[in-house]
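Asker: Below is target-v3.txt; it holds compact mmCIF, C-alpha atoms and all ligand atoms.
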# COMPACT_ATOMS: atom_id res chain seq x y z
CA MET R 29 -11.94 0.04 27.90
CA ASP R 30 -13.91 0.85 24.74
CA ILE R 31 -11.81 -0.70 21.97
CA SER R 32 -13.63 1.28 19.27
CA LYS R 33 -11.85 4.42 20.51
CA GLN R 34 -8.43 2.86 19.88
CA PRO R 35 -6.44 3.82 16.77
CA ILE R 36 -6.22 2.05 13.42
CA GLY R 37 -2.67 0.79 12.81
CA ILE R 38 -1.16 0.99 9.34
CA PHE R 39 2.25 -0.24 8.22
CA ASP R 40 4.33 -0.32 5.08
CA SER R 41 7.95 -0.96 4.17
CA GLY R 42 8.21 2.80 3.83
CA ILE R 43 6.31 5.95 3.01
CA GLY R 44 4.25 4.50 0.11
CA GLY R 45 1.46 3.26 2.37
CA THR R 46 0.61 6.88 3.09
CA SER R 47 -1.31 6.68 -0.22
CA ILE R 48 -3.62 4.27 1.67
CA TRP R 49 -3.56 6.32 4.89
CA LYS R 50 -4.87 9.34 2.92
CA GLU R 51 -7.87 7.33 1.70
CA ILE R 52 -8.59 6.06 5.22
CA PHE R 53 -8.18 9.54 6.69
CA GLU R 54 -10.75 10.91 4.23
CA LEU R 55 -13.26 8.08 4.53
CA LEU R 56 -13.06 7.67 8.32
CA PRO R 57 -12.73 11.16 9.80
CA ASN R 58 -13.45 10.05 13.40
CA GLU R 59 -10.61 7.55 13.58
CA ASP R 60 -7.21 8.02 15.19
CA THR R 61 -4.36 6.41 13.26
CA ILE R 62 -0.83 5.24 13.87
CA TYR R 63 1.32 4.75 10.77
CA LEU R 64 4.56 2.83 10.83
CA SER R 65 7.08 3.40 8.04
CA ASP R 66 9.79 0.73 8.10
CA SER R 67 11.90 2.75 5.65
CA LYS R 68 15.15 1.40 7.10
CA ASN R 69 14.25 -2.03 5.68
CA ALA R 70 12.78 -0.91 2.33
CA PRO R 71 12.48 -2.30 -0.22
CA TYR R 72 10.68 -5.42 1.01
CA GLY R 73 10.17 -6.49 -2.60
CA GLU R 74 13.75 -7.75 -2.88
CA LYS R 75 13.56 -9.85 0.31
CA SER R 76 12.64 -13.52 0.84
CA LYS R 77 9.19 -14.56 2.05
CA ASP R 78 10.62 -15.45 5.48
CA GLN R 79 12.27 -12.06 5.85
CA ILE R 80 9.04 -10.29 4.83
CA ILE R 81 7.10 -12.32 7.42
CA GLU R 82 9.67 -11.48 10.11
CA LEU R 83 9.46 -7.75 9.38
CA SER R 84 5.65 -7.85 9.19
CA VAL R 85 5.54 -9.53 12.62
CA LYS R 86 7.80 -6.84 14.08
CA ASN R 87 5.58 -4.09 12.61
CA THR R 88 2.39 -5.81 13.80
CA GLU R 89 3.68 -6.14 17.37
CA PHE R 90 4.75 -2.49 17.38
CA LEU R 91 1.19 -1.47 16.48
CA ILE R 92 -0.52 -3.95 18.81
CA ASN R 93 1.66 -2.69 21.69
CA ARG R 94 0.32 0.79 20.99
CA GLY R 95 -3.25 -0.43 21.30
CA CYS R 96 -4.30 -0.60 17.63
CA LYS R 97 -7.73 -2.18 17.18
CA LEU R 98 -7.21 -3.19 13.54
CA ILE R 99 -4.15 -3.32 11.30
CA VAL R 100 -3.97 -2.29 7.67
CA VAL R 101 -1.07 -3.92 5.86
CA ALA R 102 -0.59 -1.01 3.45
CA CYS R 103 1.95 -2.90 1.38
CA ASN R 104 1.21 -5.31 -1.46
CA THR R 105 4.50 -7.15 -0.85
CA ALA R 106 3.79 -7.73 2.85
CA THR R 107 0.17 -8.67 2.16
CA THR R 108 0.92 -11.19 -0.56
CA ASN R 109 3.72 -12.80 1.47
CA ALA R 110 2.72 -12.46 5.11
CA ILE R 111 -0.98 -11.81 5.68
CA ASP R 112 -1.90 -15.49 6.09
CA TYR R 113 0.79 -15.83 8.75
CA LEU R 114 -0.40 -12.68 10.54
CA ARG R 115 -4.04 -13.75 10.50
CA ASN R 116 -3.12 -17.17 11.87
CA ASN R 117 -1.03 -15.75 14.71
CA TYR R 118 -2.81 -12.60 15.93
CA THR R 119 -6.42 -11.99 16.90
CA VAL R 120 -6.58 -8.38 15.73
CA PRO R 121 -8.36 -8.02 12.34
CA PHE R 122 -6.07 -7.36 9.35
CA ILE R 123 -6.89 -5.57 6.10
CA GLY R 124 -4.52 -6.32 3.23
CA ILE R 125 -3.92 -4.85 -0.19
CA GLU R 126 -3.49 -6.80 -3.38
CA PRO R 127 -2.97 -5.63 -6.97
CA ALA R 128 -6.33 -4.71 -8.53
CA ILE R 129 -6.13 -7.11 -11.46
CA LYS R 130 -9.79 -8.13 -11.14
CA PRO R 131 -11.14 -4.57 -11.68
CA ALA R 132 -8.64 -4.16 -14.54
CA SER R 133 -9.83 -7.39 -16.13
CA LEU R 134 -13.41 -6.13 -16.00
CA HIS R 135 -12.44 -2.82 -17.58
CA THR R 136 -10.16 -3.92 -20.42
CA LYS R 137 -11.35 -3.82 -24.01
CA THR R 138 -8.06 -4.88 -25.59
CA ASN R 139 -7.89 -7.88 -23.23
CA VAL R 140 -4.35 -6.90 -22.32
CA ILE R 141 -3.60 -5.45 -18.90
CA GLY R 142 -0.30 -4.35 -17.43
CA ILE R 143 0.84 -4.65 -13.85
CA LEU R 144 3.74 -2.85 -12.28
CA ALA R 145 4.68 -4.30 -8.88
CA THR R 146 7.61 -5.50 -6.80
CA LYS R 147 9.39 -8.78 -7.37
CA GLY R 148 8.08 -10.02 -3.99
CA THR R 149 4.46 -9.38 -5.03
CA LEU R 150 4.69 -10.79 -8.55
CA ASN R 151 6.46 -13.95 -7.33
CA SER R 152 4.04 -14.61 -4.46
CA ASN R 153 1.60 -17.54 -4.37
CA LEU R 154 -1.26 -15.20 -3.52
CA PHE R 155 -0.68 -13.17 -6.68
CA GLU R 156 -0.37 -16.34 -8.74
CA GLU R 157 -3.69 -17.59 -7.36
CA SER R 158 -5.45 -14.26 -8.03
CA SER R 159 -4.10 -14.14 -11.61
CA ALA R 160 -5.26 -17.69 -12.21
CA ARG R 161 -8.84 -16.64 -11.41
CA ILE R 162 -8.87 -13.98 -14.15
CA ASN R 163 -10.65 -14.66 -17.45
CA LYS R 164 -8.29 -16.79 -19.56
CA GLN R 165 -8.79 -14.53 -22.61
CA ILE R 166 -6.94 -11.76 -20.80
CA THR R 167 -3.20 -11.39 -21.05
CA ILE R 168 -1.42 -9.92 -18.03
CA ILE R 169 1.88 -8.21 -18.76
CA GLU R 170 3.90 -8.30 -15.54
CA GLN R 171 6.71 -5.86 -14.91
CA ILE R 172 8.90 -5.59 -11.80
CA GLY R 173 9.35 -1.96 -10.84
CA GLU R 174 12.94 -2.45 -9.77
CA GLY R 175 14.45 0.69 -8.24
CA LEU R 176 11.21 2.70 -8.05
CA VAL R 177 10.60 2.25 -4.30
CA ASN R 178 14.18 3.33 -3.50
CA LEU R 179 13.86 6.48 -5.59
CA ILE R 180 10.57 7.40 -3.91
CA GLU R 181 12.01 6.73 -0.44
CA ASN R 182 14.91 9.04 -1.32
CA GLY R 183 12.60 11.83 -2.44
CA ALA R 184 13.48 11.45 -6.14
CA ILE R 185 9.87 11.21 -7.31
CA ASN R 186 10.30 13.78 -10.07
CA SER R 187 13.86 12.89 -11.05
CA GLU R 188 15.24 12.19 -14.51
CA GLU R 189 16.22 8.73 -13.29
CA MET R 190 12.58 8.03 -12.42
CA THR R 191 11.41 9.06 -15.90
CA VAL R 192 14.04 6.81 -17.50
CA LEU R 193 13.01 3.80 -15.41
CA LEU R 194 9.28 4.33 -15.90
CA THR R 195 9.71 4.73 -19.65
CA LYS R 196 11.74 1.51 -19.78
CA TYR R 197 9.06 -0.40 -17.84
CA LEU R 198 5.95 1.02 -19.48
CA LYS R 199 6.78 1.45 -23.19
CA PRO R 200 6.89 -2.31 -23.88
CA MET R 201 3.43 -2.63 -22.28
CA LEU R 202 2.09 0.01 -24.67
CA THR R 203 3.57 -1.90 -27.61
CA LYS R 204 1.60 -4.92 -26.37
CA LYS R 205 -1.58 -2.78 -26.36
CA ILE R 206 -2.48 -2.57 -22.70
CA ASP R 207 -5.48 -0.34 -21.99
CA SER R 208 -5.36 -0.76 -18.19
CA LEU R 209 -2.39 -0.45 -15.88
CA VAL R 210 -2.51 -1.84 -12.36
CA LEU R 211 -0.28 -0.17 -9.79
CA GLY R 212 0.60 -3.13 -7.56
CA CYS R 213 2.63 -1.24 -4.98
CA THR R 214 1.40 1.43 -2.58
CA HIS R 215 4.37 3.66 -3.40
CA TYR R 216 3.39 3.96 -7.07
CA PRO R 217 0.31 6.25 -6.81
CA TYR R 218 2.88 9.00 -6.15
CA LEU R 219 4.13 8.41 -9.69
CA ILE R 220 0.78 8.82 -11.44
CA PRO R 221 1.60 12.24 -13.01
CA GLN R 222 4.79 10.83 -14.61
CA ILE R 223 3.10 7.57 -15.58
CA ARG R 224 0.25 9.49 -17.21
CA LYS R 225 2.74 11.41 -19.37
CA ILE R 226 4.21 8.13 -20.64
CA VAL R 227 1.05 6.05 -21.16
CA GLY R 228 -1.19 8.84 -22.46
CA LYS R 229 -4.78 9.56 -21.56
CA ASP R 230 -6.38 6.37 -22.88
CA VAL R 231 -4.81 3.88 -20.47
CA LYS R 232 -6.76 3.51 -17.24
CA ILE R 233 -4.48 3.59 -14.21
CA ILE R 234 -5.88 1.48 -11.38
CA ASP R 235 -4.79 1.28 -7.76
CA SER R 236 -6.48 -0.28 -4.76
CA GLY R 237 -6.29 2.57 -2.22
CA ASN R 238 -9.94 3.50 -2.15
CA ALA R 239 -11.06 -0.15 -2.04
CA VAL R 240 -8.81 -0.75 0.98
CA ALA R 241 -10.32 2.23 2.82
CA ARG R 242 -13.85 0.98 2.09
CA GLN R 243 -12.95 -2.53 3.26
CA THR R 244 -11.45 -1.05 6.44
CA LYS R 245 -14.72 0.74 7.15
CA HIS R 246 -16.72 -2.39 6.42
CA ILE R 247 -14.67 -4.60 8.77
CA LEU R 248 -14.63 -1.99 11.55
CA SER R 249 -18.35 -1.81 11.34
CA GLU R 250 -18.79 -5.59 11.24
CA TYR R 251 -16.63 -5.99 14.38
CA TYR R 252 -18.37 -3.05 16.16
CA LEU R 253 -15.06 -1.18 16.12
CA LEU R 254 -16.09 1.99 14.28
CA ASN R 255 -15.40 5.12 16.30
CA THR R 256 -18.74 6.90 16.27
CA ASN R 257 -17.57 9.91 18.30
CA ILE R 258 -17.69 12.98 16.06
CA LYS R 259 -14.23 14.50 16.36
CA PHE R 260 -12.74 17.70 15.04
CA ASP R 261 -9.14 16.80 15.67
CA THR R 262 -8.08 13.19 15.46
CA SER R 263 -4.63 11.97 16.45
CA ASN R 264 -2.53 10.82 13.48
CA ILE R 265 0.95 9.73 14.46
CA PHE R 266 3.62 8.64 11.96
CA TYR R 267 6.66 6.72 13.14
CA ILE R 268 9.61 6.33 10.80
CA ASN R 269 12.98 4.67 11.37
CA LYS R 270 14.89 6.88 8.92
CA ASP R 271 15.16 10.57 8.10
CA LYS R 272 11.63 12.02 8.12
CA SER R 273 12.05 14.84 5.56
CA VAL R 274 10.50 13.03 2.56
CA LEU R 275 7.57 11.87 4.68
CA GLU R 276 7.07 15.43 5.94
CA LYS R 277 6.92 16.68 2.37
CA ILE R 278 4.39 14.03 1.35
CA LEU R 279 2.14 14.93 4.30
CA SER R 280 2.65 18.70 4.10
CA ASN R 281 -0.98 19.32 3.06
CA PHE R 282 -2.34 17.66 6.19
CA THR R 283 -2.67 19.48 9.48
CA GLY R 284 -2.68 17.70 12.80
CA VAL R 285 -0.22 14.96 11.90
CA THR R 286 2.75 14.18 14.13
CA ILE R 287 5.86 12.64 12.59
CA GLU R 288 8.45 11.05 14.83
CA GLU R 289 11.79 9.51 13.92
CA ILE R 290 12.37 6.50 16.14
CA ASP R 291 14.60 3.46 16.10
CA PHE R 292 12.81 0.15 15.68
N1 LIG R 301 4.72 -0.25 -0.69
C1 LIG R 301 5.26 -1.58 -0.87
C2 LIG R 301 4.26 -2.40 -1.69
O1 LIG R 301 3.10 -2.04 -1.79
C3 LIG R 301 6.65 -1.50 -1.38
C4 LIG R 301 7.38 -2.78 -1.22
C5 LIG R 301 8.85 -2.68 -1.16
O2 LIG R 301 9.34 -2.11 -0.17
O3 LIG R 301 9.51 -3.19 -2.04
O4 LIG R 301 4.58 -3.43 -2.24
Give the structure from the file, written as C-alpha cells.

Answerer:
Amino acid sequence: MDISKQPIGIFDSGIGGTSIWKEIFELLPNEDTIYLSDSKNAPYGEKSKDQIIELSVKNTEFLINRGCKLIVVACNTATTNAIDYLRNNYTVPFIGIEPAIKPASLHTKTNVIGILATKGTLNSNLFEESSARINKQITIIEQIGEGLVNLIENGAINSEEMTVLLTKYLKPMLTKKIDSLVLGCTHYPYLIPQIRKIVGKDVKIIDSGNAVARQTKHILSEYYLLNTNIKFDTSNIFYINKDKSVLEKILSNFTGVTIEEIDF
C-alpha cells in the first residue's frame, strides 16, 4: 500500500479546528482529509490534563483506524497538554498548534502583547515554557476566553452575548496598550470580525493556522508522505458526535465535503 495516498487526520474538541482544515485544504489540494470534531466533549479547556490526554488518545485512535498517515492536533488545548504523550505512544507523525506568541513578540512595538486562549492552554507547562523564551522586555497579558468555545459550538458567533464577553476580555488589554493579539484557540479565528470591531485597526491579530498548514506540508514532504497525484476532487470527510448544523454552516462555501454525525 502507498501510504502517501492515505488521508491526513485532523482533530479538535469541536468545530474550531476547521479554521486549520481550511488552511490545509488550500495549501495541499491533492490531499484527502478526515476531520474529527469531538463537540460532545467540548470545551477541553476546562478539563484536567489527564482528561485531555484521554480524549486525545481516543481521537488519535479513531483517525489511525481510518488509515490516516499524519495527524494534525488542530487544538491548542490538546497540543499543549497531550502532544508529548501522543508522540511518545504512536508512530504516526503529529503536527500541533501552539499560540503564536513568538511572532507577536517580534511584531510588537509597544512591547505589550495580548493572548486570548483557554484555561487549559494558558495553564499548561508547554505554554509556560514558550512564554519563558520570549524577550523579557515584553509583557504578555493573558486572558482566558471562558464561554467563547461554547457559544461558537452552539452557533452563537454573532450573538450579543459574544460581543459582551469579547468586550469584557479585550478592553482591559487595550488599556494596557497591546498592539498585537494572539488568538490561542482554533475556534477564535471565527470571531475576527467582532474582535476587529473592538480592538480597532491598529492591533495586529495573529493566529497560527497558516503556519500549521505549512508545517504539515513540510513534514509530509520530509517523510515522503506528500500525495503527488494531481486530483480534481479530493475526499474530505467530517465526523461529528453532536448535531451537525453549525458545522454545515461553517463549511457551506466548500463543495465536496461530507459531514456525518456519528457516536464516538
Ligand atoms: N479549539 C480548541 C483550542 O484550540 C478549543 C479548546 C476547548 O475545547 O476548550 O484550544

Asker: Could you tell me, as a ChimeraX atom specification, which residues have any atom at most 8 Å from (5.3, 5.3, 6.5), counting all atoms listed in the file?

Answerer: /R:39-46,63-67,266-268,275

Asker: Residues at most 6 Å from stretch 103-109 of chain R, counting all atoms listed in the file, excluding those fewer than 4 positions away in the same chain, as a PyMOL selection string?

Answerer: chain R and resi 40+73+77+124-126+148-149+154+213-214

Asker: Work out how far atom CA of R:Pro200 is from atom CA of R:Thr136, in Å to one decimal.

Answerer: 17.5 Å

Asker: Considering all atoms listed in the file, return as a PDB file with C-alpha atoms, in the frame of the given file whatever protein or nucleic-acid residues lie within 7 Å of R:Ile62, sequence-local ones (same chain, fewer than 3 positions apart) excluded.

Answerer:
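Final output, saved to around_27.pdb:
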ATOM      1  CA  PRO R  35      -6.440   3.820  16.770  1.00  0.00           C
ATOM      2  CA  ILE R  36      -6.220   2.050  13.420  1.00  0.00           C
ATOM      3  CA  GLY R  37      -2.670   0.790  12.810  1.00  0.00           C
ATOM      4  CA  ILE R  38      -1.160   0.990   9.340  1.00  0.00           C
ATOM      5  CA  ASN R 264      -2.530  10.820  13.480  1.00  0.00           C
ATOM      6  CA  ILE R 265       0.950   9.730  14.460  1.00  0.00           C
ATOM      7  CA  PHE R 266       3.620   8.640  11.960  1.00  0.00           C
TER       8      PHE R 266
END

Asker: Provide an axis-aligned box for all listed atoms of ligand LIG 301 (chain R), padding each side by 6 Å; report its centre and its edge lengths in Å to one decimal, as JSON.

Answerer:
{"center_x": 6.3, "center_y": -1.8, "center_z": -1.2, "size_x": 18.4, "size_y": 15.2, "size_z": 14.1}

Asker: Nearest to R:Ser76 among R:Lys33, R:Lys147, R:Lys270, R:His135, with distances taken over all atoms listed in the file: which residue is it?

Answerer: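 Among the listed residues, R:Lys147 lies closest to R:Ser76.
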
Asker: Kindly give the distance, in Å, that separates atom CA of R:Thr61 and atom CA of R:Asn255, rounded to a single decimal.

Answerer: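 So the answer is 11.5 Å.
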
Asker: Excluding R:Asn182 and its own-chain neighbours fewer than 3 positions away, which residues fall within 8 Å of it when counting only C-alpha atoms? Please give them as a list in words.

Answerer: Asn178, Leu179 and Val274 of chain R

Asker: Would you list the contacts of R:Lys130 as an MDAnalysis selection string, taking every protein, DNA or RNA residue within 10 Å and counting only C-alpha atoms, but skipping same-chain residues closer than 6 positions in sequence?

Answerer: chainID R and resid 158:159 161:163 210

Asker: Enter the distance from atom CA of R:Leu134 to atom CA of R:Lys232, in Å, rounded to one decimal.

Answerer: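 Atom CA of R:Leu134 sits 11.8 Å away from atom CA of R:Lys232.
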
Asker: Name the closest residue to ligand LIG 301 (chain R) among the candidates R:Gly173, R:Gly284, R:Gly228, R:Gly142; distances are taken between atoms, counting only C-alpha atoms and all ligand atoms.

Answerer: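 Going through R:Gly173, R:Gly284, R:Gly228, R:Gly142 one by one, the smallest distance to ligand LIG 301 (chain R) is for R:Gly173.
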
Asker: Given the choices R:Lys50, R:Arg94, R:Lys277, R:His215, which gets closest to ligand LIG 301 (chain R) if the distance is worked out from all atoms listed in the file?

Answerer: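 Checking each candidate against ligand LIG 301 (chain R), we get R:His215 as the closest.
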
Asker: Restricting the calculation to only C-alpha atoms and all ligand atoms: of R:Pro217, R:Gly237, R:Gly183, R:Gly212, which residue gets closest to ligand LIG 301 (chain R)?

Answerer: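 Nearest candidate to ligand LIG 301 (chain R) out of R:Pro217, R:Gly237, R:Gly183, R:Gly212: R:Gly212.
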
Asker: Using all atoms listed in the file, which protein or nucleic acid residues come within 8 Å of R:Ile233? Drop anything in the same chain fewer than 3 positions from it, and give the result as a list in words.

Answerer: Ser208, Leu209, Val210, Leu211 and Ile220 of chain R

Asker: So which one's closest to R:Asp78, R:Glu188, R:Ile31, R:Ala110, R:Glu51? Using all atoms listed in the file, please.

Answerer: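 So, comparing all the options, the nearest one is R:Ala110.
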
Asker: Return the single residue from R:Leu98, R:Val177, R:Ile80, R:Leu55 that is closest to ligand LIG 301 (chain R), with distances computed using all atoms listed in the file.

Answerer: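 Going through R:Leu98, R:Val177, R:Ile80, R:Leu55 one by one, the smallest distance to ligand LIG 301 (chain R) is for R:Val177.
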